[in-house]
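Participant: Structure file run.cif (mmCIF, N, CA and C atoms) is given on the next line.
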```cif
data_model
loop_
_atom_site.label_atom_id
_atom_site.label_comp_id
_atom_site.auth_asym_id
_atom_site.auth_seq_id
_atom_site.Cartn_x
_atom_site.Cartn_y
_atom_site.Cartn_z
N MET T 165 2.12 4.83 -15.35
CA MET T 165 2.34 3.72 -14.44
C MET T 165 1.54 2.52 -14.91
N LYS T 166 2.19 1.40 -14.97
CA LYS T 166 1.56 0.16 -15.39
C LYS T 166 1.44 -0.76 -14.19
N ILE T 167 0.23 -1.17 -13.87
CA ILE T 167 -0.02 -2.09 -12.77
C ILE T 167 -0.40 -3.44 -13.36
N THR T 168 0.18 -4.49 -12.80
CA THR T 168 -0.17 -5.85 -13.22
C THR T 168 -0.43 -6.69 -11.98
N VAL T 169 -1.29 -7.66 -12.12
CA VAL T 169 -1.53 -8.62 -11.04
C VAL T 169 -1.38 -10.02 -11.59
N ARG T 170 -0.90 -10.89 -10.72
CA ARG T 170 -0.73 -12.28 -11.10
C ARG T 170 -1.61 -13.12 -10.18
N PRO T 171 -2.66 -13.73 -10.71
CA PRO T 171 -3.55 -14.56 -9.88
C PRO T 171 -2.83 -15.73 -9.21
N ASP T 172 -1.73 -16.20 -9.79
CA ASP T 172 -1.01 -17.33 -9.23
C ASP T 172 0.00 -16.93 -8.17
N ASP T 173 0.13 -15.62 -7.92
CA ASP T 173 1.05 -15.12 -6.90
C ASP T 173 0.49 -15.44 -5.52
N MET T 174 1.38 -15.74 -4.57
CA MET T 174 0.94 -16.03 -3.19
C MET T 174 0.36 -14.78 -2.53
N MET T 175 0.81 -13.60 -2.96
CA MET T 175 0.30 -12.35 -2.41
C MET T 175 -1.09 -12.09 -2.98
N PRO T 176 -2.06 -11.74 -2.15
CA PRO T 176 -3.40 -11.44 -2.66
C PRO T 176 -3.34 -10.32 -3.70
N MET T 177 -4.29 -10.36 -4.63
CA MET T 177 -4.26 -9.38 -5.72
C MET T 177 -4.36 -7.94 -5.22
N TYR T 178 -5.19 -7.69 -4.19
CA TYR T 178 -5.29 -6.31 -3.69
C TYR T 178 -3.94 -5.86 -3.14
N ALA T 179 -3.21 -6.77 -2.49
CA ALA T 179 -1.90 -6.42 -1.92
C ALA T 179 -0.88 -6.17 -3.03
N GLN T 180 -1.01 -6.88 -4.15
CA GLN T 180 -0.14 -6.62 -5.29
C GLN T 180 -0.36 -5.20 -5.81
N ILE T 181 -1.62 -4.79 -5.86
CA ILE T 181 -1.96 -3.44 -6.32
C ILE T 181 -1.40 -2.40 -5.35
N VAL T 182 -1.62 -2.62 -4.06
CA VAL T 182 -1.10 -1.71 -3.02
C VAL T 182 0.41 -1.58 -3.16
N HIS T 183 1.07 -2.70 -3.26
CA HIS T 183 2.54 -2.71 -3.34
C HIS T 183 3.04 -1.91 -4.53
N GLN T 184 2.44 -2.11 -5.70
CA GLN T 184 2.90 -1.43 -6.90
C GLN T 184 2.62 0.07 -6.86
N ILE T 185 1.46 0.46 -6.35
CA ILE T 185 1.16 1.90 -6.25
C ILE T 185 2.05 2.55 -5.20
N ARG T 186 2.26 1.87 -4.07
CA ARG T 186 3.14 2.40 -3.03
C ARG T 186 4.55 2.62 -3.58
N LEU T 187 5.08 1.64 -4.32
CA LEU T 187 6.42 1.79 -4.90
C LEU T 187 6.46 2.95 -5.90
N ALA T 188 5.40 3.09 -6.69
CA ALA T 188 5.35 4.19 -7.67
C ALA T 188 5.34 5.54 -6.97
N ILE T 189 4.67 5.63 -5.83
CA ILE T 189 4.64 6.89 -5.07
C ILE T 189 6.00 7.16 -4.44
N LEU T 190 6.54 6.16 -3.77
CA LEU T 190 7.80 6.35 -3.06
C LEU T 190 8.98 6.57 -4.01
N SER T 191 8.90 6.01 -5.21
CA SER T 191 9.98 6.20 -6.19
C SER T 191 9.86 7.51 -6.95
N GLY T 192 8.71 8.17 -6.83
CA GLY T 192 8.50 9.42 -7.55
C GLY T 192 7.86 9.24 -8.92
N GLU T 193 7.59 7.99 -9.30
CA GLU T 193 6.91 7.75 -10.57
C GLU T 193 5.51 8.39 -10.53
N LEU T 194 4.86 8.28 -9.37
CA LEU T 194 3.60 8.99 -9.13
C LEU T 194 3.93 10.15 -8.21
N ARG T 195 3.46 11.34 -8.56
CA ARG T 195 3.78 12.53 -7.77
C ARG T 195 2.54 13.06 -7.07
N VAL T 196 2.78 13.93 -6.11
CA VAL T 196 1.69 14.56 -5.37
C VAL T 196 0.71 15.18 -6.37
N GLY T 197 -0.56 14.87 -6.18
CA GLY T 197 -1.60 15.43 -7.04
C GLY T 197 -1.93 14.58 -8.25
N ASP T 198 -1.10 13.61 -8.57
CA ASP T 198 -1.42 12.73 -9.70
C ASP T 198 -2.71 11.98 -9.42
N GLN T 199 -3.53 11.87 -10.45
CA GLN T 199 -4.80 11.17 -10.29
C GLN T 199 -4.64 9.70 -10.67
N LEU T 200 -5.19 8.84 -9.82
CA LEU T 200 -5.20 7.41 -10.09
C LEU T 200 -6.45 7.07 -10.90
N PRO T 201 -6.43 5.93 -11.59
CA PRO T 201 -7.64 5.51 -12.30
C PRO T 201 -8.76 5.28 -11.29
N THR T 202 -9.99 5.38 -11.75
CA THR T 202 -11.11 5.07 -10.86
C THR T 202 -11.05 3.58 -10.52
N VAL T 203 -11.74 3.21 -9.47
CA VAL T 203 -11.80 1.80 -9.06
C VAL T 203 -12.29 0.96 -10.23
N ARG T 204 -13.33 1.41 -10.87
CA ARG T 204 -13.92 0.65 -11.98
C ARG T 204 -12.94 0.54 -13.15
N GLU T 205 -12.29 1.65 -13.49
CA GLU T 205 -11.33 1.63 -14.62
C GLU T 205 -10.20 0.64 -14.35
N LEU T 206 -9.62 0.71 -13.15
CA LEU T 206 -8.50 -0.16 -12.84
C LEU T 206 -8.95 -1.63 -12.78
N ALA T 207 -10.15 -1.86 -12.24
CA ALA T 207 -10.67 -3.23 -12.17
C ALA T 207 -10.84 -3.81 -13.58
N VAL T 208 -11.35 -3.01 -14.49
CA VAL T 208 -11.51 -3.46 -15.87
C VAL T 208 -10.15 -3.72 -16.50
N ASP T 209 -9.21 -2.78 -16.33
CA ASP T 209 -7.87 -2.93 -16.90
C ASP T 209 -7.17 -4.20 -16.40
N LEU T 210 -7.37 -4.53 -15.13
CA LEU T 210 -6.69 -5.68 -14.52
C LEU T 210 -7.52 -6.96 -14.58
N SER T 211 -8.76 -6.84 -15.05
CA SER T 211 -9.69 -7.98 -15.08
C SER T 211 -9.88 -8.58 -13.69
N VAL T 212 -10.11 -7.69 -12.72
CA VAL T 212 -10.38 -8.13 -11.35
C VAL T 212 -11.69 -7.50 -10.88
N ASN T 213 -12.21 -8.00 -9.78
CA ASN T 213 -13.42 -7.47 -9.19
C ASN T 213 -13.17 -6.06 -8.66
N THR T 214 -14.18 -5.20 -8.75
CA THR T 214 -14.03 -3.84 -8.25
C THR T 214 -13.74 -3.82 -6.75
N ASN T 215 -14.22 -4.83 -6.01
CA ASN T 215 -13.94 -4.90 -4.57
C ASN T 215 -12.45 -5.07 -4.31
N THR T 216 -11.74 -5.75 -5.21
CA THR T 216 -10.30 -5.95 -5.06
C THR T 216 -9.58 -4.61 -5.13
N VAL T 217 -9.93 -3.82 -6.14
CA VAL T 217 -9.31 -2.49 -6.29
C VAL T 217 -9.75 -1.58 -5.15
N GLY T 218 -11.02 -1.65 -4.79
CA GLY T 218 -11.53 -0.83 -3.68
C GLY T 218 -10.78 -1.11 -2.39
N ARG T 219 -10.49 -2.37 -2.13
CA ARG T 219 -9.75 -2.73 -0.92
C ARG T 219 -8.33 -2.18 -0.99
N ALA T 220 -7.71 -2.27 -2.16
CA ALA T 220 -6.36 -1.73 -2.32
C ALA T 220 -6.35 -0.22 -2.07
N TYR T 221 -7.31 0.48 -2.65
CA TYR T 221 -7.38 1.93 -2.45
C TYR T 221 -7.63 2.27 -0.99
N MET T 222 -8.45 1.46 -0.32
CA MET T 222 -8.74 1.69 1.10
C MET T 222 -7.46 1.54 1.92
N GLU T 223 -6.64 0.53 1.62
CA GLU T 223 -5.38 0.33 2.32
C GLU T 223 -4.42 1.50 2.07
N LEU T 224 -4.37 1.96 0.83
CA LEU T 224 -3.50 3.10 0.50
C LEU T 224 -3.98 4.37 1.20
N HIS T 225 -5.29 4.52 1.32
CA HIS T 225 -5.86 5.67 2.02
C HIS T 225 -5.49 5.60 3.51
N ARG T 226 -5.65 4.42 4.11
CA ARG T 226 -5.31 4.24 5.52
C ARG T 226 -3.84 4.53 5.78
N ALA T 227 -3.01 4.20 4.81
CA ALA T 227 -1.57 4.44 4.95
C ALA T 227 -1.22 5.90 4.70
N GLY T 228 -2.21 6.70 4.31
CA GLY T 228 -1.99 8.12 4.10
C GLY T 228 -1.33 8.47 2.79
N LEU T 229 -1.40 7.56 1.82
CA LEU T 229 -0.74 7.79 0.54
C LEU T 229 -1.65 8.40 -0.52
N ILE T 230 -2.94 8.15 -0.41
CA ILE T 230 -3.90 8.69 -1.39
C ILE T 230 -5.08 9.30 -0.68
N ASP T 231 -5.82 10.11 -1.44
CA ASP T 231 -7.03 10.73 -0.92
C ASP T 231 -8.07 10.70 -2.02
N THR T 232 -9.29 10.36 -1.67
CA THR T 232 -10.37 10.33 -2.65
C THR T 232 -11.31 11.49 -2.40
N LYS T 233 -11.58 12.25 -3.45
CA LYS T 233 -12.52 13.36 -3.37
C LYS T 233 -13.77 12.93 -4.13
N GLN T 234 -14.86 12.79 -3.39
CA GLN T 234 -16.12 12.31 -3.96
C GLN T 234 -16.49 13.08 -5.22
N GLY T 235 -16.71 12.36 -6.28
CA GLY T 235 -17.13 12.97 -7.53
C GLY T 235 -16.01 13.59 -8.34
N VAL T 236 -14.80 13.58 -7.79
CA VAL T 236 -13.66 14.19 -8.48
C VAL T 236 -12.63 13.12 -8.87
N GLY T 237 -12.21 12.31 -7.90
CA GLY T 237 -11.25 11.26 -8.18
C GLY T 237 -10.36 10.94 -7.01
N THR T 238 -9.40 10.08 -7.26
CA THR T 238 -8.44 9.63 -6.25
C THR T 238 -7.07 10.15 -6.63
N PHE T 239 -6.40 10.78 -5.66
CA PHE T 239 -5.15 11.49 -5.93
C PHE T 239 -4.06 11.09 -4.95
N VAL T 240 -2.82 11.21 -5.38
CA VAL T 240 -1.66 10.96 -4.52
C VAL T 240 -1.54 12.14 -3.56
N LYS T 241 -1.39 11.82 -2.28
CA LYS T 241 -1.25 12.85 -1.25
C LYS T 241 0.20 13.27 -1.10
N ASP T 242 0.38 14.42 -0.49
CA ASP T 242 1.72 14.90 -0.16
C ASP T 242 2.13 14.23 1.13
N ILE T 243 2.97 13.22 1.02
CA ILE T 243 3.37 12.48 2.22
C ILE T 243 4.52 13.15 2.95
N SER T 244 5.11 14.17 2.35
CA SER T 244 6.22 14.85 3.01
C SER T 244 5.74 16.00 3.89
N SER T 245 4.48 16.39 3.74
CA SER T 245 3.99 17.51 4.53
C SER T 245 3.78 17.08 5.98
N ALA T 246 3.82 18.06 6.86
CA ALA T 246 3.63 17.77 8.28
C ALA T 246 2.20 17.30 8.51
N VAL T 247 2.06 16.22 9.26
CA VAL T 247 0.74 15.68 9.58
C VAL T 247 0.66 15.52 11.09
N SER T 248 -0.53 15.45 11.58
CA SER T 248 -0.72 15.33 13.03
C SER T 248 -0.15 14.01 13.53
N ASP T 249 0.15 13.96 14.82
CA ASP T 249 0.67 12.72 15.41
C ASP T 249 -0.30 11.57 15.22
N ARG T 250 -1.58 11.86 15.35
CA ARG T 250 -2.58 10.80 15.19
C ARG T 250 -2.56 10.25 13.77
N ALA T 251 -2.49 11.12 12.79
CA ALA T 251 -2.45 10.69 11.39
C ALA T 251 -1.16 9.90 11.13
N ARG T 252 -0.07 10.36 11.72
CA ARG T 252 1.20 9.64 11.55
C ARG T 252 1.11 8.25 12.16
N GLN T 253 0.48 8.14 13.33
CA GLN T 253 0.31 6.83 13.97
C GLN T 253 -0.57 5.92 13.12
N GLU T 254 -1.63 6.49 12.54
CA GLU T 254 -2.51 5.70 11.67
C GLU T 254 -1.75 5.21 10.45
N ARG T 255 -0.91 6.06 9.88
CA ARG T 255 -0.09 5.65 8.74
C ARG T 255 0.85 4.53 9.13
N LEU T 256 1.47 4.65 10.31
CA LEU T 256 2.38 3.62 10.78
C LEU T 256 1.65 2.29 10.96
N ARG T 257 0.47 2.34 11.55
CA ARG T 257 -0.33 1.12 11.73
C ARG T 257 -0.71 0.53 10.37
N GLY T 258 -1.01 1.39 9.40
CA GLY T 258 -1.33 0.91 8.05
C GLY T 258 -0.13 0.21 7.42
N LEU T 259 1.06 0.78 7.61
CA LEU T 259 2.27 0.14 7.10
C LEU T 259 2.49 -1.21 7.77
N ALA T 260 2.27 -1.26 9.08
CA ALA T 260 2.45 -2.52 9.81
C ALA T 260 1.44 -3.55 9.33
N ARG T 261 0.20 -3.14 9.15
CA ARG T 261 -0.86 -4.04 8.69
C ARG T 261 -0.51 -4.61 7.31
N THR T 262 -0.05 -3.72 6.43
CA THR T 262 0.31 -4.16 5.08
C THR T 262 1.50 -5.12 5.12
N ALA T 263 2.50 -4.80 5.93
CA ALA T 263 3.68 -5.67 6.05
C ALA T 263 3.26 -7.05 6.58
N LEU T 264 2.39 -7.07 7.58
CA LEU T 264 1.91 -8.35 8.11
C LEU T 264 1.16 -9.15 7.05
N GLN T 265 0.31 -8.47 6.28
CA GLN T 265 -0.46 -9.15 5.24
C GLN T 265 0.45 -9.69 4.14
N GLU T 266 1.42 -8.89 3.75
CA GLU T 266 2.32 -9.32 2.69
C GLU T 266 3.21 -10.47 3.17
N ALA T 267 3.66 -10.41 4.41
CA ALA T 267 4.48 -11.49 4.96
C ALA T 267 3.66 -12.78 5.04
N ALA T 268 2.42 -12.67 5.51
CA ALA T 268 1.56 -13.85 5.60
C ALA T 268 1.29 -14.44 4.21
N ALA T 269 1.15 -13.57 3.23
CA ALA T 269 0.86 -14.03 1.87
C ALA T 269 2.01 -14.87 1.30
N ILE T 270 3.22 -14.64 1.81
CA ILE T 270 4.35 -15.43 1.31
C ILE T 270 4.82 -16.46 2.33
N GLY T 271 3.97 -16.69 3.34
CA GLY T 271 4.21 -17.81 4.25
C GLY T 271 4.96 -17.54 5.53
N PHE T 272 5.07 -16.27 5.93
CA PHE T 272 5.78 -15.96 7.17
C PHE T 272 4.79 -15.62 8.28
N ARG T 273 5.16 -15.97 9.51
CA ARG T 273 4.36 -15.62 10.68
C ARG T 273 4.73 -14.22 11.15
N SER T 274 3.87 -13.60 11.94
CA SER T 274 4.13 -12.24 12.42
C SER T 274 5.43 -12.17 13.21
N GLU T 275 5.72 -13.22 13.98
CA GLU T 275 6.95 -13.23 14.78
C GLU T 275 8.18 -13.15 13.88
N GLN T 276 8.12 -13.82 12.73
CA GLN T 276 9.25 -13.81 11.80
C GLN T 276 9.43 -12.41 11.19
N LEU T 277 8.32 -11.75 10.90
CA LEU T 277 8.40 -10.39 10.37
C LEU T 277 9.00 -9.45 11.41
N ILE T 278 8.54 -9.55 12.64
CA ILE T 278 9.06 -8.70 13.72
C ILE T 278 10.57 -8.92 13.89
N GLU T 279 10.99 -10.18 13.85
CA GLU T 279 12.41 -10.48 13.97
C GLU T 279 13.20 -9.86 12.81
N ALA T 280 12.67 -9.95 11.60
CA ALA T 280 13.36 -9.37 10.44
C ALA T 280 13.45 -7.84 10.57
N ILE T 281 12.39 -7.21 11.06
CA ILE T 281 12.40 -5.75 11.25
C ILE T 281 13.44 -5.38 12.31
N GLU T 282 13.47 -6.13 13.39
CA GLU T 282 14.45 -5.85 14.44
C GLU T 282 15.88 -6.00 13.92
N GLN T 283 16.12 -7.01 13.10
CA GLN T 283 17.46 -7.21 12.52
C GLN T 283 17.82 -6.03 11.61
N GLU T 284 16.89 -5.61 10.77
CA GLU T 284 17.14 -4.47 9.88
C GLU T 284 17.41 -3.20 10.67
N ALA T 285 16.61 -2.97 11.72
CA ALA T 285 16.80 -1.78 12.55
C ALA T 285 18.16 -1.81 13.23
N SER T 286 18.57 -2.99 13.69
CA SER T 286 19.88 -3.13 14.33
C SER T 286 21.00 -2.80 13.36
N GLU T 287 20.89 -3.30 12.14
CA GLU T 287 21.91 -3.02 11.11
C GLU T 287 21.92 -1.55 10.73
N GLU T 288 20.75 -0.93 10.70
CA GLU T 288 20.64 0.48 10.34
C GLU T 288 21.30 1.37 11.38
N ARG T 289 21.23 0.98 12.65
CA ARG T 289 21.80 1.77 13.73
C ARG T 289 23.33 1.74 13.72
N ARG T 290 23.91 0.75 13.06
CA ARG T 290 25.38 0.61 13.05
C ARG T 290 26.03 1.65 12.22
#
```
If you took the structure in this file and wrote it as C-alpha cells, what would it be?
Facilitator:
Amino acid sequence: MKITVRPDDMMPMYAQIVHQIRLAILSGELRVGDQLPTVRELAVDLSVNTNTVGRAYMELHRAGLIDTKQGVGTFVKDISSAVSDRARQERLRGLARTALQEAAAIGFRSEQLIEAIEQEASEERR
C-alpha cells in the first residue's frame, strides 16, 4: 500500500492518511492482521510530523479499523466480526466525526453533509 499526502490539499494531512488507509482496508488491499508501518516510519516516509500520523492512527482506532499492541505494532482489525453495541456506536461516531472533518476540509458545513447523507439514504431505500 502506498500512502501519499499533498500539503496543498484542502483536506488536512492526517485526514488524507485516514482516508487512504480506510479505503485500503475496505477495498481489501489491507487485510485483517496486516501490520501498518510504525508512526515514526510512516512520518519519515511522508515527510510529516509524527503527531500527524499519530492523529490519523488515533482516528482509525476510534473508528474500529486498527488496533495497536504496545511493543508489537499496529494491525488491521477484523471489522466483520461481531462487536458490542457500544463499540459499534463508537465506530459510527468515529465515521461521523471523520465525515464532518473531511466535509469541512473541502468547504462544506455540517448541515450540507447531513442533507447529502439524507439524500443518499433516500436513494438507497428506493
Participant: How close does each residue of stretch 213-281 of chain T get to stretch 167-188 of chain T, giving the shortest atom pair and distance in Å to one decimal for every residue with an atom at most 12 Å away, counting only C-alpha atoms, sorted by chain and residue number, as a tab-separated table?
Facilitator:
```
residue	atom	partner	partner_atom	distance
T:Asn213	CA	T:Tyr178	CA	9.9
T:Thr214	CA	T:Tyr178	CA	10.2
T:Asn215	CA	T:Tyr178	CA	8.8
T:Thr216	CA	T:Tyr178	CA	5.2
T:Val217	CA	T:Tyr178	CA	6.1
T:Gly218	CA	T:Tyr178	CA	8.3
T:Arg219	CA	T:Tyr178	CA	6.4
T:Ala220	CA	T:Tyr178	CA	4.9
T:Tyr221	CA	T:Val182	CA	7.3
T:Met222	CA	T:Val182	CA	9.3
T:Glu223	CA	T:Val182	CA	7.1
T:Leu224	CA	T:Val182	CA	6.4
T:His225	CA	T:Val182	CA	10.1
T:Arg226	CA	T:Val182	CA	11.2
T:Ala227	CA	T:Arg186	CA	9.5
T:Gly228	CA	T:Arg186	CA	10.5
T:Leu229	CA	T:Arg186	CA	7.5
T:Ile230	CA	T:Arg186	CA	9.6
T:Phe239	CA	T:Ile185	CA	11.5
T:Val240	CA	T:Ile185	CA	9.6
T:Lys241	CA	T:Arg186	CA	11.5
T:Ile243	CA	T:Arg186	CA	11.4
T:Gly258	CA	T:Val182	CA	11.4
T:Leu259	CA	T:Arg186	CA	10.4
T:Arg261	CA	T:Ala179	CA	10.9
T:Thr262	CA	T:Ala179	CA	7.7
T:Ala263	CA	T:Ala179	CA	9.8
T:Leu264	CA	T:Ala179	CA	10.9
T:Gln265	CA	T:Ala179	CA	7.8
T:Glu266	CA	T:Met175	CA	6.3
T:Ala267	CA	T:Met175	CA	8.5
T:Ala268	CA	T:Met175	CA	8.2
T:Ala269	CA	T:Met175	CA	4.6
T:Ile270	CA	T:Met174	CA	5.7
T:Gly271	CA	T:Met174	CA	8.3
T:Phe272	CA	T:Met174	CA	11.4
```
Participant: Taking the DSSP secondary structure from the backbone, can you list the residues of stretch 166-265 of chain T that are alpha helix (DSSP H), as a compact mmCIF listing (two decimals) with N, CA and C atoms, in the coordinates of the input?
Facilitator:
```
# COMPACT_ATOMS: atom_id res chain seq x y z
N MET T 177 -4.29 -10.36 -4.63
CA MET T 177 -4.26 -9.38 -5.72
C MET T 177 -4.36 -7.94 -5.22
N TYR T 178 -5.19 -7.69 -4.19
CA TYR T 178 -5.29 -6.31 -3.69
C TYR T 178 -3.94 -5.86 -3.14
N ALA T 179 -3.21 -6.77 -2.49
CA ALA T 179 -1.90 -6.42 -1.92
C ALA T 179 -0.88 -6.17 -3.03
N GLN T 180 -1.01 -6.88 -4.15
CA GLN T 180 -0.14 -6.62 -5.29
C GLN T 180 -0.36 -5.20 -5.81
N ILE T 181 -1.62 -4.79 -5.86
CA ILE T 181 -1.96 -3.44 -6.32
C ILE T 181 -1.40 -2.40 -5.35
N VAL T 182 -1.62 -2.62 -4.06
CA VAL T 182 -1.10 -1.71 -3.02
C VAL T 182 0.41 -1.58 -3.16
N HIS T 183 1.07 -2.70 -3.26
CA HIS T 183 2.54 -2.71 -3.34
C HIS T 183 3.04 -1.91 -4.53
N GLN T 184 2.44 -2.11 -5.70
CA GLN T 184 2.90 -1.43 -6.90
C GLN T 184 2.62 0.07 -6.86
N ILE T 185 1.46 0.46 -6.35
CA ILE T 185 1.16 1.90 -6.25
C ILE T 185 2.05 2.55 -5.20
N ARG T 186 2.26 1.87 -4.07
CA ARG T 186 3.14 2.40 -3.03
C ARG T 186 4.55 2.62 -3.58
N LEU T 187 5.08 1.64 -4.32
CA LEU T 187 6.42 1.79 -4.90
C LEU T 187 6.46 2.95 -5.90
N ALA T 188 5.40 3.09 -6.69
CA ALA T 188 5.35 4.19 -7.67
C ALA T 188 5.34 5.54 -6.97
N ILE T 189 4.67 5.63 -5.83
CA ILE T 189 4.64 6.89 -5.07
C ILE T 189 6.00 7.16 -4.44
N LEU T 190 6.54 6.16 -3.77
CA LEU T 190 7.80 6.35 -3.06
C LEU T 190 8.98 6.57 -4.01
N SER T 191 8.90 6.01 -5.21
CA SER T 191 9.98 6.20 -6.19
C SER T 191 9.86 7.51 -6.95
N VAL T 203 -11.74 3.21 -9.47
CA VAL T 203 -11.80 1.80 -9.06
C VAL T 203 -12.29 0.96 -10.23
N ARG T 204 -13.33 1.41 -10.87
CA ARG T 204 -13.92 0.65 -11.98
C ARG T 204 -12.94 0.54 -13.15
N GLU T 205 -12.29 1.65 -13.49
CA GLU T 205 -11.33 1.63 -14.62
C GLU T 205 -10.20 0.64 -14.35
N LEU T 206 -9.62 0.71 -13.15
CA LEU T 206 -8.50 -0.16 -12.84
C LEU T 206 -8.95 -1.63 -12.78
N ALA T 207 -10.15 -1.86 -12.24
CA ALA T 207 -10.67 -3.23 -12.17
C ALA T 207 -10.84 -3.81 -13.58
N VAL T 208 -11.35 -3.01 -14.49
CA VAL T 208 -11.51 -3.46 -15.87
C VAL T 208 -10.15 -3.72 -16.50
N ASP T 209 -9.21 -2.78 -16.33
CA ASP T 209 -7.87 -2.93 -16.90
C ASP T 209 -7.17 -4.20 -16.40
N LEU T 210 -7.37 -4.53 -15.13
CA LEU T 210 -6.69 -5.68 -14.52
C LEU T 210 -7.52 -6.96 -14.58
N THR T 214 -14.18 -5.20 -8.75
CA THR T 214 -14.03 -3.84 -8.25
C THR T 214 -13.74 -3.82 -6.75
N ASN T 215 -14.22 -4.83 -6.01
CA ASN T 215 -13.94 -4.90 -4.57
C ASN T 215 -12.45 -5.07 -4.31
N THR T 216 -11.74 -5.75 -5.21
CA THR T 216 -10.30 -5.95 -5.06
C THR T 216 -9.58 -4.61 -5.13
N VAL T 217 -9.93 -3.82 -6.14
CA VAL T 217 -9.31 -2.49 -6.29
C VAL T 217 -9.75 -1.58 -5.15
N GLY T 218 -11.02 -1.65 -4.79
CA GLY T 218 -11.53 -0.83 -3.68
C GLY T 218 -10.78 -1.11 -2.39
N ARG T 219 -10.49 -2.37 -2.13
CA ARG T 219 -9.75 -2.73 -0.92
C ARG T 219 -8.33 -2.18 -0.99
N ALA T 220 -7.71 -2.27 -2.16
CA ALA T 220 -6.36 -1.73 -2.32
C ALA T 220 -6.35 -0.22 -2.07
N TYR T 221 -7.31 0.48 -2.65
CA TYR T 221 -7.38 1.93 -2.45
C TYR T 221 -7.63 2.27 -0.99
N MET T 222 -8.45 1.46 -0.32
CA MET T 222 -8.74 1.69 1.10
C MET T 222 -7.46 1.54 1.92
N GLU T 223 -6.64 0.53 1.62
CA GLU T 223 -5.38 0.33 2.32
C GLU T 223 -4.42 1.50 2.07
N LEU T 224 -4.37 1.96 0.83
CA LEU T 224 -3.50 3.10 0.50
C LEU T 224 -3.98 4.37 1.20
N HIS T 225 -5.29 4.52 1.32
CA HIS T 225 -5.86 5.67 2.02
C HIS T 225 -5.49 5.60 3.51
N ARG T 226 -5.65 4.42 4.11
CA ARG T 226 -5.31 4.24 5.52
C ARG T 226 -3.84 4.53 5.78
N ASP T 249 0.15 13.96 14.82
CA ASP T 249 0.67 12.72 15.41
C ASP T 249 -0.30 11.57 15.22
N ARG T 250 -1.58 11.86 15.35
CA ARG T 250 -2.58 10.80 15.19
C ARG T 250 -2.56 10.25 13.77
N ALA T 251 -2.49 11.12 12.79
CA ALA T 251 -2.45 10.69 11.39
C ALA T 251 -1.16 9.90 11.13
N ARG T 252 -0.07 10.36 11.72
CA ARG T 252 1.20 9.64 11.55
C ARG T 252 1.11 8.25 12.16
N GLN T 253 0.48 8.14 13.33
CA GLN T 253 0.31 6.83 13.97
C GLN T 253 -0.57 5.92 13.12
N GLU T 254 -1.63 6.49 12.54
CA GLU T 254 -2.51 5.70 11.67
C GLU T 254 -1.75 5.21 10.45
N ARG T 255 -0.91 6.06 9.88
CA ARG T 255 -0.09 5.65 8.74
C ARG T 255 0.85 4.53 9.13
N LEU T 256 1.47 4.65 10.31
CA LEU T 256 2.38 3.62 10.78
C LEU T 256 1.65 2.29 10.96
N ARG T 257 0.47 2.34 11.55
CA ARG T 257 -0.33 1.12 11.73
C ARG T 257 -0.71 0.53 10.37
N GLY T 258 -1.01 1.39 9.40
CA GLY T 258 -1.33 0.91 8.05
C GLY T 258 -0.13 0.21 7.42
N LEU T 259 1.06 0.78 7.61
CA LEU T 259 2.27 0.14 7.10
C LEU T 259 2.49 -1.21 7.77
N ALA T 260 2.27 -1.26 9.08
CA ALA T 260 2.45 -2.52 9.81
C ALA T 260 1.44 -3.55 9.33
N ARG T 261 0.20 -3.14 9.15
CA ARG T 261 -0.86 -4.04 8.69
C ARG T 261 -0.51 -4.61 7.31
N THR T 262 -0.05 -3.72 6.43
CA THR T 262 0.31 -4.16 5.08
C THR T 262 1.50 -5.12 5.12
N ALA T 263 2.50 -4.80 5.93
CA ALA T 263 3.68 -5.67 6.05
C ALA T 263 3.26 -7.05 6.58
N LEU T 264 2.39 -7.07 7.58
CA LEU T 264 1.91 -8.35 8.11
C LEU T 264 1.16 -9.15 7.05
N GLN T 265 0.31 -8.47 6.28
CA GLN T 265 -0.46 -9.15 5.24
C GLN T 265 0.45 -9.69 4.14
```
Participant: What does the distance from atom CA of T:Glu288 to atom CA of T:Asp242 come to in Å, to one decimal?
Facilitator: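 Atom CA of T:Asp242 lies at a distance of 26.0 Å from atom CA of T:Glu288.
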Participant: My list of candidates is T:Arg252, T:Arg273, T:Asp209, T:Gln199. Which is closest to T:Gly237 when distances are computed with only N, CA and C atoms?
Facilitator: T:Gln199
Participant: Between atom CA of T:Ala207 and atom N of T:Asp231, what is the spacing in Å?
Facilitator: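 Spanning atom N of T:Asp231 to atom CA of T:Ala207 is a straight-line distance of 17.8 Å.
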Participant: Could you work out how far atom N of T:Arg289 lies from atom N of T:Leu277, giving the answer in Å with one decimal?
Facilitator: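 So the answer is 18.2 Å.
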